[in-house]
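Next comes work.cif, with mmCIF, C-alpha atoms.
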data_coords
loop_
_atom_site.label_atom_id
_atom_site.label_comp_id
_atom_site.auth_asym_id
_atom_site.auth_seq_id
_atom_site.Cartn_x
_atom_site.Cartn_y
_atom_site.Cartn_z
CA MET A 23 -103.76 96.30 -73.14
CA GLN A 24 -102.27 99.52 -74.47
CA LYS A 25 -103.95 101.99 -76.85
CA GLU A 26 -101.32 101.31 -79.52
CA GLU A 27 -102.23 97.63 -79.55
CA LEU A 28 -105.93 98.37 -79.96
CA ASP A 29 -105.17 100.83 -82.78
CA PHE A 30 -103.15 98.11 -84.53
CA PHE A 31 -106.03 95.65 -84.24
CA LYS A 32 -108.48 98.19 -85.68
CA LYS A 33 -106.29 98.79 -88.71
CA TRP A 34 -105.74 95.05 -89.22
CA PHE A 35 -109.50 94.43 -89.04
CA LEU A 36 -110.24 97.01 -91.74
CA ASP A 37 -107.52 95.59 -93.98
CA TYR A 38 -108.83 92.05 -93.41
CA VAL A 39 -112.49 92.76 -94.23
CA ASP A 40 -111.54 94.81 -97.29
CA GLN A 41 -110.61 91.60 -99.11
CA PHE A 42 -114.26 90.52 -99.03
CA SER A 43 -115.52 93.46 -101.09
CA SER A 44 -117.71 92.06 -103.86
CA PRO A 45 -119.28 93.32 -107.09
CA GLU A 46 -122.33 91.25 -106.20
CA ALA A 47 -124.83 93.50 -104.41
CA PHE A 48 -126.21 90.77 -102.12
CA ILE A 49 -122.73 89.82 -100.87
CA GLN A 50 -121.57 93.41 -100.46
CA GLU A 51 -124.74 94.41 -98.60
CA ASN A 52 -124.14 91.73 -95.98
CA ILE A 53 -120.40 92.35 -95.71
CA ASP A 54 -121.20 96.01 -95.04
CA LEU A 55 -123.90 94.95 -92.58
CA LYS A 56 -121.36 92.97 -90.53
CA ILE A 57 -118.76 95.74 -90.62
CA GLU A 58 -121.35 98.21 -89.31
CA HIS A 59 -122.60 95.64 -86.79
CA THR A 60 -119.06 95.20 -85.46
CA SER A 61 -118.68 98.95 -85.03
CA ARG A 62 -121.90 99.22 -83.04
CA VAL A 63 -121.07 96.18 -80.88
CA CYS A 64 -117.81 97.97 -80.02
CA GLU A 65 -119.85 101.01 -78.99
CA ASN A 66 -122.26 98.88 -76.98
CA ILE A 67 -119.53 97.03 -75.11
CA LEU A 68 -117.92 100.34 -74.12
CA LEU A 69 -121.26 101.58 -72.78
CA LEU A 70 -121.60 98.43 -70.69
CA ALA A 71 -117.96 98.61 -69.56
CA ARG A 72 -118.43 102.23 -68.48
CA ALA A 73 -121.55 101.34 -66.50
CA GLU A 74 -119.53 98.61 -64.76
CA ASN A 75 -116.72 101.12 -63.97
CA LEU A 76 -114.16 99.14 -65.96
CA GLU A 77 -110.75 100.82 -66.12
CA LYS A 78 -109.15 101.87 -69.44
CA LYS A 79 -107.04 98.77 -70.02
CA GLY A 80 -110.02 96.55 -69.38
CA SER A 81 -112.21 98.63 -71.69
CA ARG A 82 -109.65 98.29 -74.47
CA LEU A 83 -109.62 94.53 -73.97
CA ALA A 84 -113.42 94.47 -74.13
CA GLU A 85 -113.39 96.54 -77.33
CA THR A 86 -110.89 94.15 -78.92
CA ILE A 87 -113.18 91.22 -78.15
CA ALA A 88 -116.06 93.11 -79.76
CA LEU A 89 -113.90 93.97 -82.78
CA PHE A 90 -113.09 90.31 -83.42
CA HIS A 91 -116.25 88.55 -82.17
CA ASP A 92 -117.77 88.15 -85.67
CA LEU A 93 -114.54 87.91 -87.65
CA GLY A 94 -115.65 84.56 -89.08
CA ARG A 95 -118.84 86.04 -90.54
CA PHE A 96 -117.09 87.57 -93.55
CA GLU A 97 -115.60 84.34 -94.84
CA GLN A 98 -118.76 82.48 -93.85
CA PHE A 99 -121.12 84.67 -95.86
CA THR A 100 -118.83 84.93 -98.87
CA LYS A 101 -118.43 81.15 -99.01
CA TYR A 102 -121.90 79.94 -97.99
CA ARG A 103 -124.15 82.99 -98.65
CA THR A 104 -125.78 82.57 -95.23
CA PHE A 105 -125.29 83.58 -91.59
CA ASN A 106 -126.93 80.34 -90.44
CA ASP A 107 -124.22 78.32 -88.66
CA LEU A 108 -126.33 75.17 -88.94
CA GLU A 109 -126.22 75.41 -92.75
CA SER A 110 -122.56 76.43 -93.00
CA GLU A 111 -120.11 76.33 -90.09
CA ASN A 112 -119.73 77.81 -86.64
CA HIS A 113 -118.68 81.40 -87.30
CA ALA A 114 -117.14 81.75 -83.83
CA LEU A 115 -114.78 78.82 -84.31
CA LEU A 116 -113.99 80.08 -87.80
CA GLY A 117 -113.08 83.47 -86.29
CA VAL A 118 -110.76 81.82 -83.76
CA ARG A 119 -108.97 79.95 -86.56
CA ILE A 120 -108.53 83.15 -88.54
CA LEU A 121 -107.03 84.97 -85.53
CA GLU A 122 -104.70 82.09 -84.72
CA ASN A 123 -103.52 81.77 -88.33
CA ALA A 124 -102.94 85.52 -88.62
CA GLY A 125 -100.86 85.49 -85.43
CA ILE A 126 -101.70 89.12 -84.60
CA LEU A 127 -102.54 88.41 -80.95
CA THR A 128 -98.94 87.44 -80.21
CA ILE A 129 -98.21 91.09 -79.36
CA LEU A 130 -100.33 90.62 -76.22
CA SER A 131 -99.67 88.74 -73.01
CA GLN A 132 -100.65 85.07 -73.05
CA LYS A 133 -103.46 85.83 -70.59
CA GLU A 134 -104.98 88.53 -72.81
CA LYS A 135 -104.59 86.42 -75.93
CA ASP A 136 -106.31 83.41 -74.35
CA LEU A 137 -109.12 85.57 -72.98
CA ILE A 138 -109.85 87.12 -76.39
CA LEU A 139 -109.81 83.79 -78.22
CA LYS A 140 -112.07 82.10 -75.66
CA ALA A 141 -114.49 85.04 -75.61
CA VAL A 142 -114.77 84.90 -79.42
CA GLU A 143 -115.21 81.12 -79.28
CA TYR A 144 -118.01 81.16 -76.70
CA HIS A 145 -119.81 84.40 -77.60
CA ASN A 146 -122.50 82.58 -79.61
CA CYS A 147 -122.98 79.49 -77.42
CA MET A 148 -126.47 78.67 -76.21
CA GLU A 149 -125.11 78.49 -72.67
CA ILE A 150 -121.87 79.60 -71.06
CA PRO A 151 -119.81 76.43 -70.45
CA GLU A 152 -119.52 75.56 -66.76
CA CYS A 153 -115.73 75.43 -66.95
CA THR A 154 -115.58 79.18 -67.59
CA GLU A 155 -117.09 79.89 -64.19
CA THR A 156 -113.73 79.11 -62.61
CA SER A 157 -112.46 82.43 -63.98
CA SER A 158 -114.57 85.36 -62.83
CA GLU A 159 -112.58 87.74 -65.05
CA PHE A 160 -113.20 85.72 -68.21
CA LEU A 161 -116.85 85.22 -67.31
CA PHE A 162 -117.23 89.00 -66.95
CA TYR A 163 -115.82 89.71 -70.43
CA LEU A 164 -117.80 86.87 -71.99
CA LYS A 165 -121.05 88.25 -70.58
CA LEU A 166 -120.10 91.72 -71.82
CA ILE A 167 -119.71 90.58 -75.43
CA ARG A 168 -122.84 88.44 -75.32
CA ASP A 169 -124.94 91.39 -74.12
CA ALA A 170 -123.32 93.90 -76.50
CA ASP A 171 -123.84 91.55 -79.45
CA LYS A 172 -127.49 90.83 -78.66
CA LEU A 173 -128.25 94.54 -78.28
CA ASP A 174 -127.16 95.27 -81.82
CA ILE A 175 -128.72 92.22 -83.44
CA LEU A 176 -132.02 93.19 -81.84
CA LYS A 177 -131.54 96.70 -83.24
CA LEU A 178 -130.85 95.34 -86.74
CA VAL A 179 -133.83 93.01 -86.89
CA SER A 180 -136.28 95.43 -85.28
CA GLU A 181 -135.37 98.05 -87.89
CA ASP A 182 -135.71 95.45 -90.64
CA TYR A 183 -139.23 94.53 -89.50
CA GLU A 184 -140.30 98.16 -89.87
CA LYS A 185 -139.39 98.15 -93.58
CA GLU A 186 -141.69 97.19 -96.44
CA GLU A 187 -141.36 93.47 -97.17
CA GLU A 188 -139.51 93.92 -100.47
CA PHE A 189 -136.79 95.97 -98.75
CA ARG A 190 -136.05 93.50 -95.95
CA ASN A 191 -132.83 91.52 -95.78
CA PRO A 192 -133.60 87.76 -95.97
CA ALA A 193 -130.14 86.91 -94.62
CA LEU A 194 -131.11 88.36 -91.23
CA GLU A 195 -133.89 85.78 -90.93
CA PHE A 196 -131.91 82.85 -92.38
CA ASP A 197 -134.31 82.78 -95.38
CA MET A 198 -137.11 81.35 -93.22
CA PRO A 199 -140.59 81.32 -94.85
CA ASP A 200 -143.18 83.85 -93.66
CA THR A 201 -145.86 81.29 -92.85
CA LEU A 202 -148.59 81.08 -90.21
CA GLY A 203 -148.19 79.77 -86.67
CA CYS A 204 -145.14 79.21 -84.49
CA SER A 205 -143.14 76.34 -83.01
CA GLU A 206 -144.52 74.84 -79.81
CA LYS A 207 -140.97 74.06 -78.65
CA ILE A 208 -139.94 77.71 -78.92
CA VAL A 209 -143.03 78.90 -77.05
CA VAL A 210 -142.38 76.35 -74.28
CA ASP A 211 -138.76 77.52 -73.97
CA ILE A 212 -139.86 81.14 -73.56
CA LEU A 213 -142.52 80.28 -70.98
CA ASN A 214 -139.78 78.46 -69.04
CA ASN A 215 -137.37 81.43 -69.26
CA ARG A 216 -135.00 79.65 -71.64
CA MET A 217 -133.35 80.78 -74.85
CA ALA A 218 -134.96 79.06 -77.84
CA LYS A 219 -132.95 76.93 -80.28
CA LEU A 220 -132.44 77.78 -83.93
CA ALA A 221 -132.93 74.11 -84.80
CA ASP A 222 -136.56 74.42 -83.60
CA ALA A 223 -137.34 77.41 -85.83
CA LYS A 224 -139.50 76.67 -88.86
CA ASN A 225 -140.63 80.10 -90.03
CA LEU A 226 -140.19 83.87 -89.58
CA ASN A 227 -142.44 83.99 -86.50
CA ASP A 228 -140.17 81.45 -84.81
CA ILE A 229 -137.07 83.52 -85.58
CA LYS A 230 -138.71 86.58 -84.05
CA LEU A 231 -139.66 84.63 -80.92
CA LEU A 232 -136.16 83.16 -80.75
CA ARG A 233 -134.65 86.65 -80.76
CA LEU A 234 -137.05 87.71 -78.00
CA SER A 235 -135.95 84.72 -75.90
CA TRP A 236 -132.50 86.28 -75.67
CA ILE A 237 -133.72 88.41 -72.78
CA PHE A 238 -133.18 85.34 -70.59
CA ASP A 239 -129.45 85.59 -71.30
CA ILE A 240 -129.00 89.34 -70.69
CA ASN A 241 -126.54 89.81 -67.85
CA PHE A 242 -125.98 93.50 -67.06
CA PRO A 243 -128.49 96.07 -65.74
CA GLU A 244 -127.27 98.62 -68.30
CA ALA A 245 -128.12 96.22 -71.12
CA PHE A 246 -131.71 95.95 -69.85
CA SER A 247 -131.85 99.74 -69.56
CA LEU A 248 -130.69 100.15 -73.15
CA LEU A 249 -133.25 97.60 -74.36
CA ARG A 250 -136.05 99.55 -72.64
CA GLU A 251 -134.83 102.89 -73.92
CA ARG A 252 -134.40 101.74 -77.52
CA GLY A 253 -137.69 99.83 -77.78
CA TYR A 254 -136.34 96.90 -79.80
CA LEU A 255 -138.33 94.25 -77.96
CA LYS A 256 -141.63 96.08 -78.38
CA THR A 257 -141.03 96.49 -82.12
CA ILE A 258 -140.31 92.78 -82.55
CA LEU A 259 -143.22 91.69 -80.37
CA TYR A 260 -145.76 93.76 -82.28
CA SER A 261 -144.43 92.63 -85.66
CA ILE A 262 -145.68 89.10 -84.96
CA PRO A 263 -149.29 88.29 -85.99
CA GLU A 264 -151.85 88.31 -83.17
CA ILE A 265 -152.34 84.62 -82.45
CA GLU A 266 -153.08 83.04 -79.08
CA GLU A 267 -149.58 81.69 -78.47
CA VAL A 268 -148.01 85.06 -79.21
CA GLN A 269 -150.37 86.83 -76.80
CA VAL A 270 -149.31 84.40 -74.06
CA VAL A 271 -145.63 84.95 -74.87
CA ARG A 272 -146.12 88.74 -74.89
CA LYS A 273 -147.67 88.70 -71.42
CA HIS A 274 -144.90 86.45 -70.11
CA ILE A 275 -142.13 88.66 -71.50
CA ASP A 276 -143.80 91.82 -70.16
CA SER A 277 -144.06 90.19 -66.74
CA TYR A 278 -140.41 89.08 -66.85
CA LEU A 279 -139.16 92.55 -67.83
CA ASN A 280 -141.33 94.23 -65.18
CA ALA A 281 -139.86 91.94 -62.52
CA ILE A 282 -136.34 92.81 -63.70
CA GLU A 283 -137.16 96.53 -63.54
CA ILE A 284 -138.60 96.25 -60.03
CA ARG A 285 -135.52 94.37 -58.80
CA SER A 286 -133.28 96.99 -60.38
CA ARG A 287 -135.17 99.85 -58.72
CA ASN A 288 -135.13 98.13 -55.34
CA LYS A 289 -131.40 97.54 -55.63
CA ALA A 290 -130.81 101.20 -56.52
CA MET A 291 -132.91 102.31 -53.54
CA LYS A 292 -130.90 100.11 -51.17
CA MET A 293 -127.66 101.56 -52.53
CA ASP A 294 -128.96 105.12 -52.02
CA ILE A 295 -129.98 104.36 -48.44
CA SER A 296 -126.62 102.80 -47.60
#

Reformat the file's structure so that it appears as structure tokens.
Amino acid sequence: MQKEELDFFKKWFLDYVDQFSSPEAFIQENIDLKIEHTSRVCENILLLARAENLEKKGSRLAETIALFHDLGRFEQFTKYRTFNDLESENHALLGVRILENAGILTILSQKEKDLILKAVEYHNCMEIPECTETSSEFLFYLKLIRDADKLDILKLVSEDYEKEEEFRNPALEFDMPDTLGCSEKIVVDILNNRMAKLADAKNLNDIKLLRLSWIFDINFPEAFSLLRERGYLKTILYSIPEIEEVQVVRKHIDSYLNAIEIRSRNKAMKMDIS
């Protein structure tokens, strides 16, 4: 992909989202939130691409995927007033339809176009479909966007939890009630190193635990490094009330992250020796 093509996509994106400007504060706040989120996901994906020594054309392709990954969110929120796919529609598939109808990707090669559309389609899946493993290149870009996206969502929610309750954004937590306890199914998923399911979430504690379970789908060492440096996980963990299940989850997550860090250090030492 050439720089001119990426510049064209950036301008088109800004023109597209401008149509969703709203006089209603709640709508506009969340449209702005997704515009800013998209910008930071673009920054994150470039950080990950740089750490993986991706060349310029590949980095531009990765940035384009990040630019379009949440394209469906703007129409979704304006129409349904929620970011909850289960209560509206799959924002990834909506984004693919928007891109296909706009026809802007036709300036690219068929290979690049297909890769972008599939990466947008699968970026929010619980698991990466097995069929994608036949293409190592696509799998690489899909993992990049999934990590870059999670990094910024964890930033957004951790910052929201540090605010006074009346200043928090309910759309970030899918309007879940702030009640006691947590879902046994979500706790079991975490203790088995699995991402939790939104369908199992019943309250705000569950949403926080669900976000923490994303660490089991982080793919790149740089993404783990950024999570440690930025402290998002710690903020979320300590925003949950001290109940027995949460203490167990906290110990498990700490143990998991420590094991990842040890493996990363050992790998770096082996590389230095060689």

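As for atom CA of A:Arg119 and atom CA of A:Glu159, they are spaced 23.2 Å apart.
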
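Candidate residues A:Ser205, A:Ser180, A:Ser81, A:Ser157 were compared for distance to A:Ile67, and the nearest is A:Ser81, using only C-alpha atoms.
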
Atom CA of A:Pro192 sits from atom CA of A:Asp239 at a separation of 25.1 Å

Since I can't run it myself right now, could you work out what the PyMOL selection byres ((chain A and resi 236) around 12) selects here and report it as a PyMOL selection string? chain A and resi 146-149+168-173+175-176+208+211-212+215-220+229-235+237-241+245-246+249+255+275

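Among the candidate residues A:Leu161, A:Leu202, A:Leu89, A:Leu55, the one lying nearest to A:Phe105 is A:Leu55, with distances computed using all atoms listed in the file.
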
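Between atom CA of A:Phe160 and atom CA of A:Leu137 the interatomic distance comes to 6.3 Å.
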
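With only C-alpha atoms as the atoms that count, the minimum distance from A:Cys64 to the choices A:Lys32, A:His113, A:Lys256, A:Lys78 is reached by A:Lys32.
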
Which residues would end up in the selection if the PyMOL selection byres ((chain A and resi 97) around 10) were applied here, given that I need the answer as a ChimeraX atom specification? /A:39,41-42,53,93-96,98-103,113,116-117,120

What does the PyMOL selection byres ((chain A and resi 65) around 12) select in this file, as number ranges by chain? A: 58-64, 66-72, 81-82, 84-89, 166-167, 169-171, 173-174

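Among the candidates A:Ala221, A:Leu36, A:Ile150, A:Leu28, the one nearest to A:Asp107 when counting only C-alpha atoms is A:Ala221.
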
Can you work out which one of A:Ile138, A:Lys177, A:Asp222, A:Lys25 has the shortest atom-to-atom distance to A:Glu251, counting only C-alpha atoms? A:Lys177

Nearby residues (only C-alpha atoms) at most 10 Å from A:Tyr144, same-chain spacing under 6 positions excluded, as a list in words: His91, Ala114, Leu115, Ile150, Pro151, Thr154, Leu164, Lys165, Ile167 and Arg168 of chain A

I need stretch 31-64 of chain A from the structure I supplied, saved as a compact mmCIF listing (two decimals), in the first residue's frame with N, CA, C and O atoms retained.
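Result saved to decode.txt:
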# COMPACT_ATOMS: atom_id res chain seq x y z
N PHE A 31 -7.70 7.28 2.50
CA PHE A 31 -8.58 6.59 3.45
C PHE A 31 -8.80 7.44 4.70
O PHE A 31 -9.91 7.47 5.25
N LYS A 32 -7.77 8.12 5.16
CA LYS A 32 -7.91 8.96 6.35
C LYS A 32 -8.89 10.10 6.10
O LYS A 32 -9.72 10.41 6.96
N LYS A 33 -8.79 10.71 4.95
CA LYS A 33 -9.71 11.81 4.62
C LYS A 33 -11.14 11.28 4.48
O LYS A 33 -12.08 11.90 4.98
N TRP A 34 -11.30 10.13 3.82
CA TRP A 34 -12.63 9.55 3.66
C TRP A 34 -13.24 9.23 5.02
O TRP A 34 -14.43 9.49 5.25
N PHE A 35 -12.44 8.69 5.93
CA PHE A 35 -12.93 8.33 7.26
C PHE A 35 -13.47 9.57 7.98
O PHE A 35 -14.57 9.53 8.56
N LEU A 36 -12.72 10.66 7.96
CA LEU A 36 -13.15 11.87 8.64
C LEU A 36 -14.44 12.43 8.02
O LEU A 36 -15.33 12.89 8.74
N ASP A 37 -14.53 12.37 6.71
CA ASP A 37 -15.76 12.82 6.04
C ASP A 37 -16.94 11.92 6.41
O ASP A 37 -18.07 12.41 6.62
N TYR A 38 -16.68 10.61 6.49
CA TYR A 38 -17.75 9.66 6.81
C TYR A 38 -18.29 9.89 8.22
O TYR A 38 -19.52 9.99 8.42
N VAL A 39 -17.41 9.99 9.22
CA VAL A 39 -17.88 10.10 10.60
C VAL A 39 -18.50 11.46 10.88
O VAL A 39 -19.29 11.60 11.82
N ASP A 40 -18.17 12.45 10.08
CA ASP A 40 -18.72 13.79 10.28
C ASP A 40 -20.24 13.81 10.16
O ASP A 40 -20.92 14.62 10.79
N GLN A 41 -20.78 12.89 9.36
CA GLN A 41 -22.23 12.86 9.16
C GLN A 41 -22.99 12.42 10.41
O GLN A 41 -24.21 12.57 10.49
N PHE A 42 -22.26 11.87 11.40
CA PHE A 42 -22.92 11.39 12.61
C PHE A 42 -22.88 12.41 13.75
O PHE A 42 -23.31 12.10 14.88
N SER A 43 -22.40 13.61 13.47
CA SER A 43 -22.43 14.67 14.47
C SER A 43 -23.87 14.88 14.93
O SER A 43 -24.81 14.87 14.11
N SER A 44 -24.06 15.07 16.23
CA SER A 44 -25.42 15.14 16.77
C SER A 44 -25.55 16.27 17.79
O SER A 44 -24.62 16.52 18.57
N PRO A 45 -26.69 16.94 17.82
CA PRO A 45 -26.92 17.96 18.85
C PRO A 45 -27.18 17.33 20.22
O PRO A 45 -27.16 18.03 21.24
N GLU A 46 -27.44 16.02 20.22
CA GLU A 46 -27.69 15.33 21.49
C GLU A 46 -26.36 14.97 22.15
O GLU A 46 -25.54 14.25 21.57
N ALA A 47 -26.14 15.45 23.35
CA ALA A 47 -24.85 15.31 24.03
C ALA A 47 -24.43 13.86 24.18
O ALA A 47 -23.25 13.52 23.98
N PHE A 48 -25.37 12.99 24.55
CA PHE A 48 -25.04 11.57 24.77
C PHE A 48 -24.54 10.92 23.50
O PHE A 48 -23.56 10.16 23.51
N ILE A 49 -25.19 11.20 22.37
CA ILE A 49 -24.77 10.66 21.08
C ILE A 49 -23.40 11.22 20.70
O ILE A 49 -22.48 10.48 20.34
N GLN A 50 -23.26 12.53 20.78
CA GLN A 50 -22.01 13.16 20.35
C GLN A 50 -20.83 12.71 21.20
O GLN A 50 -19.73 12.50 20.67
N GLU A 51 -21.05 12.55 22.49
CA GLU A 51 -19.98 12.09 23.38
C GLU A 51 -19.43 10.74 22.93
O GLU A 51 -18.21 10.52 22.92
N ASN A 52 -20.32 9.85 22.53
CA ASN A 52 -19.89 8.50 22.15
C ASN A 52 -19.39 8.42 20.71
O ASN A 52 -18.56 7.56 20.40
N ILE A 53 -19.85 9.32 19.84
CA ILE A 53 -19.26 9.42 18.51
C ILE A 53 -17.82 9.91 18.63
O ILE A 53 -16.89 9.35 18.02
N ASP A 54 -17.62 10.95 19.46
CA ASP A 54 -16.27 11.47 19.68
C ASP A 54 -15.38 10.40 20.32
O ASP A 54 -14.19 10.26 19.96
N LEU A 55 -15.96 9.64 21.25
CA LEU A 55 -15.20 8.58 21.92
C LEU A 55 -14.66 7.59 20.91
O LEU A 55 -13.49 7.17 20.98
N LYS A 56 -15.48 7.21 19.91
CA LYS A 56 -15.04 6.22 18.92
C LYS A 56 -14.07 6.81 17.90
O LYS A 56 -13.20 6.10 17.39
N ILE A 57 -14.20 8.09 17.60
CA ILE A 57 -13.21 8.73 16.73
C ILE A 57 -11.85 8.74 17.41
O ILE A 57 -10.82 8.39 16.81
N GLU A 58 -11.83 9.13 18.69
CA GLU A 58 -10.58 9.18 19.45
C GLU A 58 -10.02 7.78 19.67
O GLU A 58 -8.80 7.56 19.61
N HIS A 59 -10.91 6.82 19.91
CA HIS A 59 -10.49 5.42 20.06
C HIS A 59 -9.80 4.94 18.79
O HIS A 59 -8.73 4.32 18.84
N THR A 60 -10.40 5.24 17.64
CA THR A 60 -9.81 4.82 16.36
C THR A 60 -8.42 5.40 16.19
O THR A 60 -7.49 4.70 15.76
N SER A 61 -8.25 6.67 16.55
CA SER A 61 -6.94 7.31 16.42
C SER A 61 -5.89 6.61 17.28
O SER A 61 -4.76 6.36 16.83
N ARG A 62 -6.26 6.26 18.49
CA ARG A 62 -5.30 5.60 19.40
C ARG A 62 -5.03 4.16 18.98
O ARG A 62 -3.91 3.67 19.16
N VAL A 63 -6.03 3.47 18.43
CA VAL A 63 -5.79 2.11 17.93
C VAL A 63 -4.81 2.16 16.76
O VAL A 63 -3.95 1.29 16.62
N CYS A 64 -4.91 3.20 15.93
CA CYS A 64 -3.93 3.39 14.85
C CYS A 64 -2.53 3.56 15.43
O CYS A 64 -1.56 2.99 14.92
